[in-house]
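Below is one structure; the comments refer to it alone.
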Amino acid sequence: MSYGSTIKVPFGPQHPALKEPEHFLFEVDGDTVVSVKPRIGYVYRGMEKAFELRTYHQNMYLAERICGICSHAHTTCYAQAVEELLGSEIPPRAKYIRVIIAELERLHSHSLWVGIAAHEVGFDTLFMYVWRDREAVMDLLEAISGNRVNYAMNTIGGVRRDLNDEAVQKIRGVLDRFEKNVKGYSEIIGKEQTFVKRTRGVGVLKPRDAVSLCAVGPTLRASGIKSDVRLDDPYAAYDEIPFNVITDDGCDVFGRTVVRCGEMLESINIIRHALDHMPGGKLKVSVSRTVPPNETVSRVEAPRGELMHYAKSNGTTKPERYRVRSPTLANLAAVCQTLVGVHLADIPIILAGIDPCFSCMDRLAFVDRRGGAWSCTAEELGGGRGQ
Amino acid sequence: MIAYDIFQMLVFPGILFLFCLAFLYEWIDRKLFARVQSRYGPLYTGPSGILQPLADFIKLLAKEDIVPAACDRHLFMWVPIIYAVLPLTALFIIPVAAQTGLVAFEGDLIFLVFLFALTTIVVFLAGWSSMNRFSIIGGVRSALQMLGFEIPLGLAIIGMAIAAQSLSISEIVRWQSGNWWGIWLQPIGFAVIMICILAELEYVPFDIPEAETEIVAGWQTEFGGRRLALFRLGKDLETVLVSALVAALYLGGPQQLGFLPPVAGFLIKSVAVLALLSFARALFARFRIDQMVSGMWTYLLPLAILQIVLIQFGIGR
Amino acid sequence: MSIAREASKRLFSKPSTLRYPFEKPTVPSGLRGIPVWSMENCILCILCQTTCPPAAIKMTPKGPDAGIEFRLDRCIFCGECADICPKKVITMSDRFELAGDDRSKMVYSYKKTLHIIPEEYCVRSD
């Protein structure tokens, strides 16, 4: 290595810092990152095409498996999209149950993130502690829905399972204990100087950049911008439940940690409010199998940010076109911006700071070394119709 | 007698005993680290998993030995052996089973500091010879880390030498049996040496050269099979070395405790030091290399100098 | 709570890991484990086959020897078959230790014993 030259350090597709495979090529000068080139496409599964080959009812389970951690967010978004295509309204009890499960999922996703962030900075003890306490939420979800991930609670027209009194009691008990744990861990994170030194001032994303690069979720809220789909465009029962949107002015990874810990406490309050005010009634309405021609966009606030599904129907039992835009895809440009000029040692925690879920996000990537732009029409790609 | 000397050198308290201690200390470290984290640690190999380090060693010996095509072959071959042998050599001068070590001469403390420096150079060469960008970064970080901790470590070691008026570890141990232990006389020095030891062993918060989430395995990335087994053995021997060193300098070393032989006193004290190290390992996150070096020079070096100044004024002699 | 205090507490308490497979976890009653058919009430309407998202259920062979063939390696444990069965033949059991290394052992064939009505009870219109 001669003075002044840079070396290229590849992160991924297999790397201990990344929980899912993507490729980031860093150009490093000494200890400082000069540039970063992301390359995606390693987990591409052809989901959007798979949606076109199955009926709406079967697609519910495909949507669930787009991602493991935010599976309920995907099914809620999907169910909302199809219900809008059909023009049907789900019963109020179903809306409340969707909210409760969504907030429980936010709890388990954010505590997973706290553990992973601690692991990325070498704080394995906090990682083990948080994941042990997260098991309480997982066991609760298993008791309510039948599975620890992929809850399959949603169906087109409502929900499949009910929350009986025993389940409600169990939820309240778990929430009380979990709230104490979350408060304890927030205190540890705030006081532990090694963690604070690794995350404060690291991965700074100024508010103007955050907005212009279309960041979403806690990444955006940690730059001081109050933007949350549950507030701006309420879905399910969020228009009836009061809650606070947590923001922080830190603009760095520590700010994102604070936002997520605050969101966990807010989720606990939302669940308690929903349990107190849950209406009775039916769980679902029956819907027809064929969907009239229509198109719609549905948005939910997944734990990672704003999740959008676009659906287009053509009067048959299978969708004509379905598109998923997950929050990590929106945050990717923002995180690449924050990665320039940092120390090499900060890369894992900054990448982990956006809570990357590359399986939701992945797109087909076409690498053309001859350069130049290219485009192809829908007909060349196979018409976009099923088969 | 020659036969007795060879027995001492090879079996007790020589090489075989030190290898057993190395595996035992690794087990203690892993069990403590695991219990702090609410997990079991090694559990099934032998009673309570005590044979796990030995099992890992044997498994690694049986694995395929891959040598990267672009590496520096000679260095790549010799570095693991030297890394395993250096702490073994250093352990001969530290009293383990009696008041004097197997080898004792005036100035063996300086020899020990020299061996510490050699170990870091060997680590750097290990990273350099692998010709892998992660290894190079790890090796460079290790050398940079030594810049941070070496001077406070030297000062903390010298503190006790000044008090005992000798540069031989065996003399310092003998001096402590007639006076107070080093930890009561020089508590600041004890704190400084414990922190520097964490950095020397590359334990969290100073496991920067081997940061798993950043540079895969740091300077050990390209080594596998027998070479990795030797590296791990070297690391375990280093653990024994530093806990033995702190026990000898600050806790009085092998002393007769009632009816127990001196080696029992040594074991208890060095295991106590090891327990403190393992517990400290579990409490912190990892520093960045620039934070580590600047923190060492800003905070630890003045503390070490303060200790030496206090000794000159008569406190802690 | 500070981390040092928490760490000292945990050092002396029982670890949280289960010593699986010597200690088994307790699973809740609503767990969606492997679906089980009780063929007495099955009417072979094959609604389960139509609705199964990964096509893990098949009625085979067609004819008097018909039965339900269930492929465990395709099942996604969604529970749709159990929900849609009109005779409540399928229950999602709580068996979840289903790993194996041989796909041929993962095909479950449930045979339907058909009762043949004796000739004298048949009503014929001549």
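Following the order of the structure tokens, first chain is A, next is B, and so on, with residues numbered from 1 inside each chain and ligands from 1 in the order they appear.
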For stretch 129-137 of chain A: contacts at 9 Å, only C-alpha atoms, fewer than 6 positions along chain excluded, given as a ChimeraX atom specification
/A:104-105,107-108,111-112,114-115,148,171,174-175,177-178,181-182,185 /B:37-38 /C:16-17
Go ahead and write the residues just picked, C-alpha atoms, as a compact mmCIF listing (two decimals), in the first residue's frame.
# COMPACT_ATOMS: atom_id res chain seq x y z
CA LEU A 104 -46.47 -6.57 19.02
CA GLU A 105 -44.47 -7.14 15.86
CA LEU A 107 -41.92 -4.60 19.73
CA HIS A 108 -40.17 -7.77 18.70
CA SER A 111 -35.82 -5.33 20.35
CA LEU A 112 -34.20 -7.57 17.76
CA VAL A 114 -31.29 -3.30 19.72
CA GLY A 115 -29.63 -6.67 20.17
CA ARG A 148 -43.46 -17.23 16.40
CA ILE A 171 -50.73 -9.84 26.72
CA VAL A 174 -46.08 -9.70 29.14
CA LEU A 175 -46.40 -5.99 28.41
CA ARG A 177 -42.68 -7.04 32.30
CA PHE A 178 -41.43 -6.00 28.88
CA ASN A 181 -37.07 -4.36 30.59
CA VAL A 182 -37.20 -1.77 27.82
CA TYR A 185 -32.14 -1.34 28.55
CA GLN B 37 -24.84 -13.64 29.60
CA SER B 38 -27.36 -16.13 31.02
CA SER C 16 -31.93 -18.97 30.39
CA THR C 17 -31.06 -21.47 27.70
Surrounding residues of A:Thr125 excluding itself and chain neighbours under 4 positions, 10 Å, only C-alpha atoms, as a PyMOL selection string
(chain A and resi 115+118-119+129-130) or (chain B and resi 33-34+36-38+281-285) or (chain C and resi 3+7)
Preceding selection exported with C-alpha atoms as a PDB file, in the first residue's frame:
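Result written to result_15.pdb:
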ATOM      1  CA  GLY A 115     -29.630  -6.674  20.166  1.00  0.00           C
ATOM      2  CA  ALA A 118     -25.197  -4.057  20.405  1.00  0.00           C
ATOM      3  CA  HIS A 119     -23.625  -7.046  18.677  1.00  0.00           C
ATOM      4  CA  TYR A 129     -29.944  -9.888  27.493  1.00  0.00           C
ATOM      5  CA  VAL A 130     -32.258  -8.171  25.030  1.00  0.00           C
TER       6      VAL A 130
ATOM      7  CA  PHE B  33     -18.444 -15.082  30.047  1.00  0.00           C
ATOM      8  CA  ALA B  34     -21.377 -17.345  29.274  1.00  0.00           C
ATOM      9  CA  VAL B  36     -22.825 -13.470  32.805  1.00  0.00           C
ATOM     10  CA  GLN B  37     -24.837 -13.640  29.602  1.00  0.00           C
ATOM     11  CA  SER B  38     -27.361 -16.129  31.017  1.00  0.00           C
ATOM     12  CA  ARG B 281     -14.922  -8.563  28.985  1.00  0.00           C
ATOM     13  CA  ALA B 282     -18.659  -8.908  29.286  1.00  0.00           C
ATOM     14  CA  LEU B 283     -19.389  -5.382  30.351  1.00  0.00           C
ATOM     15  CA  PHE B 284     -18.277  -3.205  27.489  1.00  0.00           C
ATOM     16  CA  ALA B 285     -18.721  -2.512  23.825  1.00  0.00           C
TER      17      ALA B 285
ATOM     18  CA  ILE C   3     -24.730  -3.272  33.343  1.00  0.00           C
ATOM     19  CA  ALA C   7     -24.117  -8.871  35.089  1.00  0.00           C
TER      20      ALA C   7
END
Output the contact residues of chain B with respect to chain A at a cut-off of 12 Å, based on only C-alpha atoms, as a tab-separated table (two decimals) with N, CA and C atoms, in the first residue's frame.
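The new file part11.tsv reads:
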chain	number	residue	atom	x	y	z
B	32	LEU	N	-17.39	-18.31	32.54
B	32	LEU	CA	-17.77	-17.06	33.21
B	32	LEU	C	-18.47	-16.12	32.25
B	33	PHE	N	-17.87	-15.97	31.06
B	33	PHE	CA	-18.44	-15.08	30.05
B	33	PHE	C	-19.86	-15.52	29.71
B	34	ALA	N	-20.06	-16.84	29.63
B	34	ALA	CA	-21.38	-17.35	29.27
B	34	ALA	C	-22.36	-17.13	30.41
B	35	ARG	N	-21.94	-17.40	31.64
B	35	ARG	CA	-22.86	-17.27	32.76
B	35	ARG	C	-23.32	-15.83	32.96
B	36	VAL	N	-22.41	-14.87	32.71
B	36	VAL	CA	-22.83	-13.47	32.80
B	36	VAL	C	-23.92	-13.19	31.79
B	37	GLN	N	-23.86	-13.88	30.65
B	37	GLN	CA	-24.84	-13.64	29.60
B	37	GLN	C	-26.03	-14.57	29.69
B	38	SER	N	-26.22	-15.23	30.82
B	38	SER	CA	-27.36	-16.13	31.02
B	38	SER	C	-27.34	-17.31	30.09
B	39	ARG	N	-26.16	-17.78	29.69
B	39	ARG	CA	-26.12	-19.00	28.92
B	39	ARG	C	-25.25	-20.01	29.64
B	128	TRP	N	0.08	-9.40	8.00
B	128	TRP	CA	0.77	-8.94	6.79
B	128	TRP	C	1.01	-10.08	5.83
B	131	MET	N	-1.79	-11.51	3.19
B	131	MET	CA	-2.11	-10.87	1.90
B	131	MET	C	-3.61	-10.81	1.64
B	132	ASN	N	-4.36	-10.50	2.67
B	132	ASN	CA	-5.81	-10.42	2.57
B	132	ASN	C	-6.16	-9.09	3.21
B	133	ARG	N	-7.00	-8.29	2.54
B	133	ARG	CA	-7.16	-6.93	3.06
B	133	ARG	C	-7.70	-6.89	4.47
B	134	PHE	N	-8.55	-7.87	4.85
B	134	PHE	CA	-9.04	-7.88	6.22
B	134	PHE	C	-7.89	-8.18	7.18
B	135	SER	N	-7.01	-9.12	6.81
B	135	SER	CA	-5.90	-9.46	7.69
B	135	SER	C	-4.95	-8.28	7.83
B	136	ILE	N	-4.70	-7.60	6.72
B	136	ILE	CA	-3.77	-6.46	6.79
B	136	ILE	C	-4.33	-5.39	7.72
B	137	ILE	N	-5.62	-5.11	7.57
B	137	ILE	CA	-6.22	-4.12	8.46
B	137	ILE	C	-6.11	-4.58	9.90
B	138	GLY	N	-6.36	-5.87	10.15
B	138	GLY	CA	-6.26	-6.38	11.52
B	138	GLY	C	-4.86	-6.28	12.06
B	140	VAL	N	-2.47	-4.22	11.12
B	140	VAL	CA	-2.11	-2.82	11.34
B	140	VAL	C	-2.75	-2.28	12.61
B	141	ARG	N	-4.03	-2.69	12.82
B	141	ARG	CA	-4.70	-2.23	14.04
B	141	ARG	C	-4.02	-2.78	15.28
B	144	LEU	N	-1.03	-0.71	15.96
B	144	LEU	CA	-1.45	0.61	16.46
B	144	LEU	C	-1.91	0.50	17.90
B	203	TYR	N	-9.02	-8.42	24.43
B	203	TYR	CA	-10.36	-8.69	24.93
B	203	TYR	C	-11.18	-7.43	24.74
B	204	VAL	N	-12.52	-7.60	24.61
B	204	VAL	CA	-13.41	-6.46	24.59
B	204	VAL	C	-13.17	-5.64	25.85
B	205	PRO	N	-13.08	-4.34	25.88
B	205	PRO	CA	-13.35	-3.40	24.78
B	205	PRO	C	-12.21	-3.16	23.82
B	206	PHE	N	-11.18	-3.97	23.87
B	206	PHE	CA	-10.04	-3.69	23.00
B	206	PHE	C	-9.82	-4.81	21.99
B	207	ASP	N	-10.85	-5.50	21.58
B	207	ASP	CA	-10.62	-6.59	20.62
B	207	ASP	C	-10.67	-6.07	19.20
B	208	ILE	N	-10.15	-4.85	19.04
B	208	ILE	CA	-10.21	-4.16	17.75
B	208	ILE	C	-9.48	-4.90	16.64
B	209	PRO	N	-8.30	-5.50	16.89
B	209	PRO	CA	-7.64	-6.19	15.77
B	209	PRO	C	-8.42	-7.39	15.26
B	210	GLU	N	-9.37	-7.86	16.06
B	210	GLU	CA	-10.04	-9.09	15.67
B	210	GLU	C	-11.53	-8.86	15.61
B	211	ALA	N	-11.92	-7.63	15.36
B	211	ALA	CA	-13.33	-7.27	15.44
B	211	ALA	C	-14.16	-8.10	14.50
B	212	GLU	N	-14.97	-8.96	15.03
B	212	GLU	CA	-15.63	-9.95	14.18
B	212	GLU	C	-16.61	-9.31	13.21
B	213	THR	N	-17.33	-8.28	13.66
B	213	THR	CA	-18.35	-7.75	12.77
B	213	THR	C	-17.79	-6.77	11.77
B	214	GLU	N	-16.53	-6.38	11.93
B	214	GLU	CA	-16.02	-5.39	10.99
B	214	GLU	C	-15.08	-6.00	9.97
B	215	ILE	N	-14.13	-6.80	10.45
B	215	ILE	CA	-13.13	-7.31	9.52
B	215	ILE	C	-13.08	-8.83	9.61
B	216	VAL	N	-14.19	-9.44	9.65
B	216	VAL	CA	-14.34	-10.89	9.66
B	216	VAL	C	-13.58	-11.48	10.84
B	217	ALA	N	-12.32	-11.85	10.68
B	217	ALA	CA	-11.60	-12.36	11.86
B	217	ALA	C	-10.28	-11.63	12.04
B	218	GLY	N	-10.14	-10.48	11.38
B	218	GLY	CA	-8.93	-9.71	11.58
B	218	GLY	C	-7.71	-10.44	11.08
B	278	SER	N	-12.49	-11.80	32.69
B	278	SER	CA	-13.66	-12.30	31.97
B	278	SER	C	-14.89	-11.47	32.27
B	279	PHE	N	-15.03	-11.08	33.52
B	279	PHE	CA	-16.17	-10.26	33.89
B	279	PHE	C	-16.10	-8.91	33.18
B	280	ALA	N	-14.87	-8.32	33.14
B	280	ALA	CA	-14.74	-7.03	32.46
B	280	ALA	C	-15.04	-7.18	30.97
B	281	ARG	N	-14.69	-8.33	30.41
B	281	ARG	CA	-14.92	-8.56	28.99
B	281	ARG	C	-16.38	-8.48	28.64
B	282	ALA	N	-17.24	-8.84	29.60
B	282	ALA	CA	-18.66	-8.91	29.29
B	282	ALA	C	-19.35	-7.57	29.44
B	283	LEU	N	-18.66	-6.58	29.98
B	283	LEU	CA	-19.39	-5.38	30.35
B	283	LEU	C	-19.35	-4.27	29.33
B	284	PHE	N	-18.49	-4.38	28.33
B	284	PHE	CA	-18.28	-3.21	27.49
B	284	PHE	C	-18.54	-3.50	26.03
B	285	ALA	N	-18.70	-2.40	25.27
B	285	ALA	CA	-18.72	-2.51	23.83
B	285	ALA	C	-17.30	-2.28	23.32
B	286	ARG	N	-17.12	-2.44	22.03
B	286	ARG	CA	-15.77	-2.36	21.47
B	286	ARG	C	-15.45	-0.92	21.11
B	287	PHE	N	-14.22	-0.50	21.42
B	287	PHE	CA	-13.81	0.84	21.03
B	287	PHE	C	-13.37	0.86	19.58
B	288	ARG	N	-13.29	2.05	19.04
B	288	ARG	CA	-12.69	2.24	17.73
B	288	ARG	C	-11.22	2.47	17.95
B	289	ILE	N	-10.36	2.20	16.98
B	289	ILE	CA	-8.93	2.23	17.22
B	289	ILE	C	-8.45	3.64	17.58
B	290	ASP	N	-9.02	4.65	16.94
B	290	ASP	CA	-8.56	6.00	17.27
B	290	ASP	C	-9.02	6.40	18.65
B	291	GLN	N	-10.25	5.94	19.04
B	291	GLN	CA	-10.71	6.24	20.40
B	291	GLN	C	-9.84	5.53	21.42
B	292	MET	N	-9.42	4.30	21.08
B	292	MET	CA	-8.63	3.53	22.03
B	292	MET	C	-7.27	4.20	22.24
B	295	GLY	N	-7.65	7.52	23.97
B	295	GLY	CA	-8.05	7.33	25.36
B	295	GLY	C	-6.89	6.86	26.21
Residue contacts of A:Cys77 (7 Å, only C-alpha atoms) excluding same-chain residues fewer than 6 positions away, as number ranges by chain
A: 298-300, 309
Could you save the residues just selected, with N, CA and C atoms, as a CSV table (one decimal), in the first residue's frame?
chain,number,residue,atom,x,y,z
A,298,SER,N,-51.4,0.8,-1.3
A,298,SER,CA,-51.7,0.8,0.2
A,298,SER,C,-50.4,0.9,0.9
A,299,ARG,N,-50.4,1.7,2.0
A,299,ARG,CA,-49.2,2.0,2.8
A,299,ARG,C,-49.4,1.6,4.3
A,300,VAL,N,-48.4,1.0,4.9
A,300,VAL,CA,-48.5,0.8,6.3
A,300,VAL,C,-47.1,1.2,6.9
A,309,HIS,N,-47.4,-1.1,-1.1
A,309,HIS,CA,-47.8,-2.1,-2.1
A,309,HIS,C,-48.7,-1.5,-3.1
At a cut-off of 10 Å, which residues of chain C touch chain B? Count only C-alpha atoms and give the answer as a PyMOL selection string.
chain C and resi 2-4+6-19
For the residues selected in the previous step, produce a file with N, CA and C atoms as a compact mmCIF listing (two decimals), in the first residue's frame.
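For reference, result_29.txt as written:
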# COMPACT_ATOMS: atom_id res chain seq x y z
N SER C 2 -27.62 -0.71 36.08
CA SER C 2 -26.35 -0.59 35.38
C SER C 2 -25.91 -1.97 34.96
N ILE C 3 -25.07 -1.99 33.93
CA ILE C 3 -24.73 -3.27 33.34
C ILE C 3 -23.93 -4.12 34.31
N ALA C 4 -23.11 -3.48 35.17
CA ALA C 4 -22.28 -4.28 36.07
C ALA C 4 -23.15 -4.99 37.11
N GLU C 6 -26.35 -5.75 36.77
CA GLU C 6 -27.13 -6.78 36.09
C GLU C 6 -26.27 -8.00 35.82
N ALA C 7 -25.00 -7.75 35.41
CA ALA C 7 -24.12 -8.87 35.09
C ALA C 7 -23.83 -9.70 36.34
N SER C 8 -23.62 -9.03 37.48
CA SER C 8 -23.34 -9.81 38.69
C SER C 8 -24.56 -10.62 39.11
N LYS C 9 -25.77 -10.05 38.90
CA LYS C 9 -26.96 -10.81 39.26
C LYS C 9 -27.07 -12.06 38.41
N ARG C 10 -26.82 -11.87 37.08
CA ARG C 10 -27.04 -13.00 36.19
C ARG C 10 -25.97 -14.06 36.36
N LEU C 11 -24.81 -13.66 36.87
CA LEU C 11 -23.73 -14.64 37.02
C LEU C 11 -24.15 -15.76 37.96
N PHE C 12 -24.96 -15.41 38.95
CA PHE C 12 -25.28 -16.41 39.95
C PHE C 12 -26.69 -16.96 39.81
N SER C 13 -27.38 -16.62 38.73
CA SER C 13 -28.71 -17.20 38.56
C SER C 13 -28.66 -18.23 37.45
N LYS C 14 -29.74 -18.99 37.35
CA LYS C 14 -29.77 -20.10 36.40
C LYS C 14 -29.77 -19.54 34.98
N PRO C 15 -29.03 -20.18 34.08
CA PRO C 15 -29.03 -19.69 32.70
C PRO C 15 -30.40 -19.80 32.06
N SER C 16 -30.61 -19.00 31.03
CA SER C 16 -31.93 -18.97 30.39
C SER C 16 -32.06 -19.95 29.26
N THR C 17 -30.96 -20.56 28.85
CA THR C 17 -31.06 -21.47 27.70
C THR C 17 -31.63 -22.80 28.17
N LEU C 18 -32.45 -23.38 27.30
CA LEU C 18 -32.99 -24.71 27.55
C LEU C 18 -31.96 -25.73 27.07
N ARG C 19 -31.79 -26.79 27.82
CA ARG C 19 -30.82 -27.81 27.41
C ARG C 19 -31.50 -28.77 26.45
Would you mind listing, for every residue of chain A within 7 Å of chain C, the two atoms forming the shortest contact and the distance between them in Å to one decimal, using only C-alpha atoms, sorted by chain and ascending residue number, as a tab-separated table?
residue	atom	partner	partner_atom	distance
A:Gln58	CA	C:Pro53	CA	4.8
A:Glu142	CA	C:Leu31	CA	6.6
A:Ala143	CA	C:Pro28	CA	5.3
A:Gly146	CA	C:Leu31	CA	4.0
A:Asn147	CA	C:Leu31	CA	6.2
A:Ala152	CA	C:Cys78	CA	6.5
A:Gly184	CA	C:Met1	CA	5.7
A:Glu187	CA	C:Met1	CA	6.9
A:Ile188	CA	C:Ser2	CA	5.8
Which residues come within 9 Å of B:Leu303, counting only C-alpha atoms, excluding same-chain residues fewer than 2 positions away, as a PyMOL selection string?
chain B and resi 152+188-189+192+299-301+305-308
